[in-house]
$ cat protein15.cif   # mmCIF, C-alpha atoms and all ligand atoms
data_structure
loop_
_atom_site.label_atom_id
_atom_site.label_comp_id
_atom_site.auth_asym_id
_atom_site.auth_seq_id
_atom_site.Cartn_x
_atom_site.Cartn_y
_atom_site.Cartn_z
CA MET V 3 104.36 90.04 108.80
CA SER V 4 104.05 88.66 105.34
CA SER V 5 105.72 85.27 105.33
CA ASP V 6 105.96 85.61 101.54
CA THR V 7 108.41 88.43 101.98
CA LYS V 8 110.45 86.55 104.54
CA GLU V 9 110.63 83.39 102.45
CA SER V 10 111.34 85.14 99.17
CA GLY V 11 114.60 86.56 100.56
CA VAL V 12 113.61 90.11 99.62
CA PRO V 13 115.51 92.34 102.03
CA ALA V 14 113.55 94.62 104.33
CA ILE V 15 115.70 97.53 103.15
CA GLU V 16 118.13 97.81 100.30
CA ALA V 17 119.81 101.18 99.80
CA GLU V 18 122.31 101.58 96.97
CA GLY V 19 124.71 104.47 96.47
CA LEU V 20 122.66 107.10 98.31
CA VAL V 21 123.87 110.65 97.94
CA LYS V 22 122.27 113.76 99.42
CA ARG V 23 123.61 117.30 99.28
CA TYR V 24 122.25 120.37 101.00
CA ARG V 25 123.65 123.25 98.93
CA ASP V 26 127.40 122.64 99.05
CA LYS V 27 127.24 120.30 102.06
CA VAL V 28 127.34 116.58 101.27
CA ALA V 29 125.22 115.03 104.02
CA VAL V 30 125.21 111.47 102.68
CA ASP V 31 127.99 110.40 100.40
CA GLY V 32 127.46 107.14 98.51
CA LEU V 33 125.89 105.02 101.19
CA SER V 34 124.77 101.45 100.54
CA LEU V 35 123.09 99.29 103.14
CA ARG V 36 121.06 96.10 103.30
CA VAL V 37 118.84 95.14 106.22
CA ASP V 38 117.30 91.69 106.35
CA VAL V 39 113.75 91.00 107.39
CA GLY V 40 113.53 90.64 111.16
CA GLU V 41 116.83 92.34 111.81
CA VAL V 42 117.33 95.14 114.34
CA LEU V 43 119.92 97.49 112.85
CA GLY V 44 121.49 100.28 114.87
CA VAL V 45 122.72 103.41 113.10
CA LEU V 46 125.43 105.14 115.10
CA GLY V 47 127.24 108.34 114.33
CA THR V 48 128.22 111.70 115.75
CA ASN V 49 126.04 114.80 115.28
CA GLY V 50 125.81 115.62 111.61
CA ALA V 51 127.05 112.21 110.41
CA GLY V 52 124.02 111.89 108.11
CA LYS V 53 121.89 109.47 110.11
CA THR V 54 118.59 111.34 109.89
CA THR V 55 119.07 112.20 106.23
CA THR V 56 119.76 108.53 105.52
CA VAL V 57 116.66 107.21 107.29
CA GLU V 58 114.52 109.97 105.75
CA MET V 59 115.63 108.81 102.31
CA ILE V 60 114.92 105.20 103.25
CA ALA V 61 111.43 106.20 104.40
CA GLY V 62 110.76 108.13 101.19
CA LEU V 63 110.55 111.44 103.04
CA ARG V 64 113.56 112.92 101.31
CA ARG V 65 114.56 112.44 97.69
CA PRO V 66 118.11 111.18 97.18
CA ASP V 67 120.23 113.11 94.67
CA ARG V 68 121.59 109.77 93.58
CA GLY V 69 121.04 106.15 94.43
CA SER V 70 118.02 104.02 95.10
CA VAL V 71 116.02 102.57 97.98
CA ARG V 72 113.83 99.49 98.11
CA LEU V 73 111.72 98.77 101.13
CA LEU V 74 110.38 95.20 101.06
CA GLY V 75 110.91 95.49 97.31
CA LEU V 76 108.90 98.72 97.04
CA ASP V 77 110.10 102.14 95.96
CA PRO V 78 109.27 104.41 98.92
CA ARG V 79 108.68 107.46 96.69
CA ARG V 80 106.71 105.78 93.90
CA ASP V 81 104.79 103.22 95.94
CA ARG V 82 103.91 105.62 98.74
CA ALA V 83 100.51 104.16 99.54
CA ARG V 84 101.82 100.60 99.82
CA VAL V 85 104.88 101.67 101.76
CA ARG V 86 102.70 103.50 104.26
CA GLN V 87 100.99 100.20 105.04
CA VAL V 88 104.24 98.37 105.88
CA LEU V 89 106.45 101.10 107.34
CA GLY V 90 106.24 102.92 110.66
CA VAL V 91 108.40 105.99 111.20
CA GLN V 92 109.21 107.92 114.34
CA LEU V 93 111.29 110.92 113.45
CA GLN V 94 113.03 113.45 115.65
CA GLN V 95 110.50 116.18 115.01
CA ALA V 96 106.89 115.22 115.12
CA TYR V 97 104.37 117.70 113.78
CA LEU V 98 101.18 116.75 115.51
CA HIS V 99 98.01 118.63 116.24
CA GLY V 100 98.61 119.97 119.75
CA ALA V 101 94.94 120.44 120.63
CA LEU V 102 94.14 116.75 120.18
CA THR V 103 94.37 114.39 123.13
CA VAL V 104 96.57 111.31 123.03
CA ALA V 105 93.48 109.12 122.50
CA GLU V 106 92.25 111.37 119.68
CA LEU V 107 95.61 111.25 117.92
CA LEU V 108 95.68 107.47 118.20
CA GLY V 109 92.10 107.30 116.91
CA LEU V 110 92.96 109.49 113.95
CA TYR V 111 96.00 107.40 113.02
CA ARG V 112 94.13 104.15 113.60
CA SER V 113 91.59 105.26 110.98
CA PHE V 114 94.33 105.14 108.33
CA TYR V 115 94.85 101.38 108.64
CA PRO V 116 92.71 98.32 107.96
CA ASP V 117 93.84 96.41 111.05
CA PRO V 118 95.33 98.89 113.52
CA ARG V 119 96.68 97.95 116.91
CA PRO V 120 94.13 98.60 119.66
CA ALA V 121 94.61 101.96 121.39
CA ASP V 122 95.01 100.28 124.80
CA GLU V 123 97.83 98.12 123.50
CA LEU V 124 99.60 101.16 122.03
CA LEU V 125 99.26 103.15 125.25
CA GLU V 126 100.68 100.24 127.21
CA LEU V 127 103.55 99.74 124.76
CA VAL V 128 104.77 103.29 125.37
CA GLY V 129 103.58 103.68 128.97
CA LEU V 130 101.03 106.46 128.43
CA GLU V 131 97.94 104.79 129.87
CA GLU V 132 97.40 107.70 132.28
CA GLN V 133 97.78 110.38 129.63
CA ARG V 134 95.14 109.21 127.19
CA ARG V 135 92.89 112.23 127.83
CA VAL V 136 95.70 114.80 127.92
CA ARG V 137 96.15 117.17 124.98
CA PHE V 138 99.35 116.61 123.07
CA GLU V 139 100.55 120.20 123.72
CA LYS V 140 100.28 119.65 127.50
CA LEU V 141 102.57 116.61 127.52
CA SER V 142 106.24 116.76 128.47
CA GLY V 143 108.81 116.46 125.69
CA GLY V 144 109.49 112.83 126.59
CA GLN V 145 105.79 112.01 126.63
CA GLN V 146 105.30 113.66 123.25
CA GLN V 147 108.13 111.54 121.94
CA ARG V 148 106.40 108.43 123.24
CA VAL V 149 103.22 109.44 121.43
CA SER V 150 105.16 109.68 118.19
CA ILE V 151 106.56 106.19 118.81
CA ALA V 152 103.04 104.84 119.46
CA LEU V 153 101.85 106.45 116.23
CA ALA V 154 104.70 104.75 114.33
CA LEU V 155 103.38 101.40 115.55
CA VAL V 156 99.65 101.91 114.91
CA GLY V 157 99.52 100.10 111.57
CA ARG V 158 101.41 96.96 112.71
CA PRO V 159 104.34 97.90 110.44
CA GLN V 160 106.73 95.24 109.15
CA VAL V 161 109.54 97.76 109.17
CA VAL V 162 109.97 100.45 111.83
CA ILE V 163 112.37 103.39 111.75
CA LEU V 164 113.05 104.96 115.13
CA ASP V 165 115.19 108.11 115.15
CA GLU V 166 116.53 108.92 118.60
CA LEU V 167 114.16 106.55 120.35
CA THR V 168 115.22 107.39 123.86
CA THR V 169 116.89 110.80 123.61
CA GLY V 170 115.39 113.00 126.30
CA LEU V 171 113.59 110.18 128.09
CA ASP V 172 114.12 109.46 131.77
CA PRO V 173 115.71 106.11 132.70
CA ARG V 174 112.38 104.42 133.38
CA ALA V 175 110.85 105.53 130.08
CA ARG V 176 114.06 104.54 128.34
CA ARG V 177 113.91 101.00 129.70
CA ARG V 178 110.30 100.78 128.66
CA MET V 179 111.20 101.81 125.11
CA TRP V 180 113.89 99.17 125.05
CA ALA V 181 111.29 96.59 126.05
CA THR V 182 109.09 97.89 123.22
CA VAL V 183 111.87 97.30 120.70
CA GLU V 184 112.48 93.83 122.14
CA HIS V 185 108.76 93.14 121.75
CA LEU V 186 108.89 94.24 118.10
CA ARG V 187 111.95 92.08 117.52
CA ASP V 188 110.14 89.07 118.98
CA GLU V 189 107.28 89.75 116.59
CA GLY V 190 109.76 89.57 113.68
CA VAL V 191 109.53 93.27 112.88
CA THR V 192 112.54 94.83 111.17
CA VAL V 193 113.79 97.82 113.16
CA VAL V 194 116.22 100.59 112.23
CA LEU V 195 117.28 102.38 115.35
CA VAL V 196 119.16 105.66 115.03
CA SER V 197 121.00 106.30 118.24
CA HIS V 198 123.75 108.09 120.09
CA ALA V 199 123.59 105.67 122.97
CA MET V 200 126.07 102.84 122.79
CA GLU V 201 124.47 100.90 125.61
CA GLU V 202 121.13 100.96 123.80
CA VAL V 203 122.61 99.80 120.52
CA GLU V 204 124.62 97.00 122.10
CA ARG V 205 121.61 95.74 123.94
CA LEU V 206 119.04 95.89 121.16
CA CYS V 207 120.76 95.58 117.81
CA ASP V 208 121.77 92.53 115.78
CA ARG V 209 124.04 94.68 113.64
CA VAL V 210 125.30 98.22 113.83
CA ALA V 211 126.06 100.63 110.98
CA LEU V 212 128.72 103.21 111.82
CA LEU V 213 128.30 106.49 109.93
CA ASP V 214 130.79 109.27 109.71
CA ALA V 215 130.68 112.33 107.45
CA GLY V 216 127.93 110.81 105.33
CA ARG V 217 129.73 107.54 104.74
CA LEU V 218 129.22 104.05 106.04
CA VAL V 219 132.45 103.33 107.87
CA ASP V 220 131.59 99.75 108.77
CA VAL V 221 128.61 97.54 109.52
CA GLY V 222 128.47 94.34 111.53
CA THR V 223 127.49 92.76 114.80
CA PRO V 224 128.75 94.65 117.84
CA ALA V 225 131.19 91.77 118.45
CA ALA V 226 132.48 91.78 114.86
CA LEU V 227 132.95 95.56 114.81
CA THR V 228 134.79 95.46 118.11
CA ALA V 229 137.03 92.62 116.92
CA ARG V 230 137.74 94.25 113.53
CA ALA V 231 138.82 97.43 115.24
CA GLY V 232 141.00 95.48 117.67
CA ALA V 233 139.12 97.26 120.44
CA ALA V 234 137.88 96.18 123.84
CA THR V 235 134.43 97.74 123.59
CA LEU V 236 132.08 99.00 120.90
CA ASP V 237 132.74 102.49 122.21
CA ASP V 238 136.47 102.07 121.60
CA ALA V 239 135.75 100.50 118.21
CA PHE V 240 133.75 103.57 117.25
CA VAL V 241 136.68 105.83 118.13
CA ALA V 242 139.16 103.57 116.34
CA LEU V 243 137.06 103.36 113.16
CA THR V 244 135.91 106.98 112.91
CA GLY V 245 138.57 108.86 114.86
CA LYS V 246 135.75 110.51 116.79
CA GLN V 247 134.27 110.20 120.21
CA LEU V 248 130.60 109.28 120.27
CA GLU V 249 129.14 111.80 122.65
CA ALA V 250 126.18 111.21 124.84
CA ALA V 251 122.99 112.64 123.37
CA GLU V 252 122.28 114.85 126.37
N1 LIG E 1 117.52 120.57 105.77
C1 LIG E 1 118.84 120.76 105.79
N2 LIG E 1 119.42 121.82 105.17
C2 LIG E 1 120.75 122.00 105.16
N3 LIG E 1 121.62 121.17 105.78
C3 LIG E 1 121.12 120.11 106.43
C4 LIG E 1 119.71 119.86 106.49
N4 LIG E 1 119.50 118.71 107.19
C5 LIG E 1 120.72 118.31 107.59
N5 LIG E 1 121.69 119.12 107.14
C6 LIG E 1 123.14 118.95 107.33
O1 LIG E 1 123.51 117.69 106.81
C7 LIG E 1 124.40 117.00 107.67
C8 LIG E 1 123.78 115.68 108.12
O2 LIG E 1 122.66 115.95 108.94
P1 LIG E 1 121.77 114.79 109.61
O3 LIG E 1 120.69 115.47 110.35
O4 LIG E 1 121.41 113.80 108.58
O5 LIG E 1 122.84 114.14 110.60
P2 LIG E 1 122.58 113.26 111.90
O6 LIG E 1 123.65 112.24 111.88
O7 LIG E 1 121.20 112.76 111.92
O8 LIG E 1 122.84 114.32 113.06
P3 LIG E 1 122.22 114.42 114.54
O9 LIG E 1 122.84 113.32 115.32
O10 LIG E 1 122.69 115.76 114.98
O11 LIG E 1 120.73 114.30 114.41
C9 LIG E 1 124.69 117.96 108.81
O12 LIG E 1 125.86 118.66 108.50
C10 LIG E 1 123.52 118.91 108.79
O13 LIG E 1 123.89 120.17 109.27
#

$ encode --input "protein15.cif" --output "structure tokens" --more "lines below"
Ligand SMILES: Nc1ncnc2c1ncn2[C@@H]1O[C@H](COP(=O)(O)OP(=O)(O)OP(=O)(O)O)[C@@H](O)[C@H]1O
Amino acid sequence: MSSDTKESGVPAIEAEGLVKRYRDKVAVDGLSLRVDVGEVLGVLGTNGAGKTTTVEMIAGLRRPDRGSVRLLGLDPRRDRARVRQVLGVQLQQAYLHGALTVAELLGLYRSFYPDPRPADELLELVGLEEQRRVRFEKLSGGQQQRVSIALALVGRPQVVILDELTTGLDPRARRRMWATVEHLRDEGVTVVLVSHAMEEVERLCDRVALLDAGRLVDVGTPAALTARAGAATLDDAFVALTGKQLEAAE
């Protein structure tokens, strides 16, 4: 990571007053959020709360109707080329060339970066060492998801956005993904982790942003959120603060 960025106090992410409408549906409704360099931020919310829309706007993949985003001081829509060098994104739907093998996909993505992670390291990070010669279309859903996570990490990003990191993964793969996030955290990488899984968020995240109906209900450490809500657990705090039950993803 660039120590300049860390020392200058420039936040990893600064989103101000984000608004996004789809026809008459307000998906994100005036959301502001700051994530410091090196922080792991969880984004929790029920289905349709606006999590994916929010991270897509942060990544520059969706244009906000109002508001602004800065990613390490860069505008993700105007400074696309520079942002691509510092940001890794794993989104819920990956559109990848099914006929390419895992190794070929990694090779293709590695060619986009000046100093990519070695393919072996990527395969180990996501536990796909045995699948390197398998075509993407022949992989299971969970394995395909792990490929998309590996691809998000190819360019040694300083900021990583992971949307539904472990949804659909079996318990072993899930634990491995958690270890991957812990590894990134130890490297000082800033991580935004969109999740439905309370256990995952409590374990991995420094702070948690609670979204409901496109709004940021609260943001803080799991302990602070729990205390503010006068709740016993983060789960209970979520219910107290949003009036909704956070359902399991599957
Ligand atoms: N492309 C789109 N066109 C129209 N409406 C959309 C579109 N994408 C999302 N929405 C709507 O906007 C709202 C927010 O969706 P979003 O996907 O951001 O929520 P989410 O919190 O990520 O949900 P989930 O947990 O189900 O992934 C939802 O009501 C959704 O139906």

$ closest_atom_pairs --input "protein15.cif" --of "chain V" --to "ligand LIG 1 (chain E)" --cutoff "12 Å" --atoms "all atoms listed in the file" --output "tab-separated table"
residue	atom	partner	partner_atom	distance
V:Val21	CA	E:LIG1	O1	11.3
V:Lys22	CA	E:LIG1	O1	8.5
V:Arg23	CA	E:LIG1	O1	7.5
V:Tyr24	CA	E:LIG1	C2	4.7
V:Arg25	CA	E:LIG1	C2	7.0
V:Asp26	CA	E:LIG1	N3	9.0
V:Lys27	CA	E:LIG1	O1	6.6
V:Val28	CA	E:LIG1	O1	6.8
V:Ala29	CA	E:LIG1	O1	4.2
V:Val30	CA	E:LIG1	C8	7.0
V:Asp31	CA	E:LIG1	C8	10.3
V:Val45	CA	E:LIG1	O6	9.0
V:Leu46	CA	E:LIG1	O6	8.0
V:Gly47	CA	E:LIG1	O6	5.8
V:Thr48	CA	E:LIG1	O9	5.6
V:Asn49	CA	E:LIG1	O10	3.5
V:Gly50	CA	E:LIG1	O5	3.5
V:Ala51	CA	E:LIG1	O6	3.7
V:Gly52	CA	E:LIG1	O4	3.3
V:Lys53	CA	E:LIG1	O6	3.7
V:Thr54	CA	E:LIG1	O7	3.6
V:Thr55	CA	E:LIG1	O4	3.7
V:Thr56	CA	E:LIG1	O4	6.3
V:Val57	CA	E:LIG1	O4	8.2
V:Glu58	CA	E:LIG1	O4	8.4
V:Met59	CA	E:LIG1	O4	9.9
V:Leu63	CA	E:LIG1	N1	11.8
V:Arg64	CA	E:LIG1	N1	9.7
V:Arg65	CA	E:LIG1	N1	11.8
V:Leu93	CA	E:LIG1	O11	10.1
V:Gln94	CA	E:LIG1	O11	7.8
V:Gln95	CA	E:LIG1	O11	10.4
V:Leu164	CA	E:LIG1	O7	11.7
V:Asp165	CA	E:LIG1	O7	8.3
V:Glu166	CA	E:LIG1	O11	8.0
V:Leu167	CA	E:LIG1	O11	11.8
V:Thr169	CA	E:LIG1	O9	10.5
V:Leu195	CA	E:LIG1	O7	11.6
V:Val196	CA	E:LIG1	O7	8.0
V:Ser197	CA	E:LIG1	O9	7.8
V:His198	CA	E:LIG1	O9	7.1
V:Ala199	CA	E:LIG1	O9	10.8
V:Ala211	CA	E:LIG1	O6	11.9
V:Leu212	CA	E:LIG1	O6	10.4
V:Leu213	CA	E:LIG1	O6	7.6
V:Asp214	CA	E:LIG1	O6	8.0
V:Ala215	CA	E:LIG1	C8	7.7
V:Gly216	CA	E:LIG1	C8	7.0
V:Arg217	CA	E:LIG1	O6	10.5
V:Leu218	CA	E:LIG1	O6	11.5
V:Leu248	CA	E:LIG1	O9	10.1
V:Glu249	CA	E:LIG1	O9	9.8
V:Ala250	CA	E:LIG1	O9	10.3
V:Ala251	CA	E:LIG1	O9	8.1
V:Glu252	CA	E:LIG1	O9	11.2

$ closest_residue --input "protein15.cif" --among "V:Pro159, V:Asp81, V:Glu106, V:Val128" --to "Arg174 of chain V" --atoms "all atoms listed in the file"
V:Val128

$ atom_distance --input "protein15.cif" --atom1 "atom CA of Arg178 of chain V" --atom2 "atom CA of Leu107 of chain V"
21.0 Å

$ residues_around --input "protein15.cif" --residues "Leu98 of chain V" --least-positions-apart "6" --cutoff "10 Å" --atoms "only C-alpha atoms" --output "ChimeraX atom specification"
/V:107,138-139,146,149-150

$ atom_distance --input "protein15.cif" --atom1 "atom CA of Val104 of chain V" --atom2 "atom CA of Arg134 of chain V"
4.9 Å

$ atom_distance --input "protein15.cif" --atom1 "atom CA of Tyr111 of chain V" --atom2 "atom CA of Val88 of chain V"
14.2 Å

$ residues_near_point --input "protein15.cif" --point "(133.7, 93.9, 118.4)" --cutoff "8 Å" --atoms "all atoms listed in the file" --output "PDB file with C-alpha atoms, in the coordinates of the input"
ATOM      1  CA  THR V 223     127.490  92.760 114.800  1.00  0.00           C
ATOM      2  CA  PRO V 224     128.750  94.650 117.840  1.00  0.00           C
ATOM      3  CA  ALA V 225     131.190  91.770 118.450  1.00  0.00           C
ATOM      4  CA  ALA V 226     132.480  91.780 114.860  1.00  0.00           C
ATOM      5  CA  LEU V 227     132.950  95.560 114.810  1.00  0.00           C
ATOM      6  CA  THR V 228     134.790  95.460 118.110  1.00  0.00           C
ATOM      7  CA  ALA V 229     137.030  92.620 116.920  1.00  0.00           C
ATOM      8  CA  ARG V 230     137.740  94.250 113.530  1.00  0.00           C
ATOM      9  CA  ALA V 231     138.820  97.430 115.240  1.00  0.00           C
ATOM     10  CA  GLY V 232     141.000  95.480 117.670  1.00  0.00           C
ATOM     11  CA  ALA V 233     139.120  97.260 120.440  1.00  0.00           C
ATOM     12  CA  ALA V 234     137.880  96.180 123.840  1.00  0.00           C
ATOM     13  CA  THR V 235     134.430  97.740 123.590  1.00  0.00           C
ATOM     14  CA  LEU V 236     132.080  99.000 120.900  1.00  0.00           C
ATOM     15  CA  ALA V 239     135.750 100.500 118.210  1.00  0.00           C
TER      16      ALA V 239
END
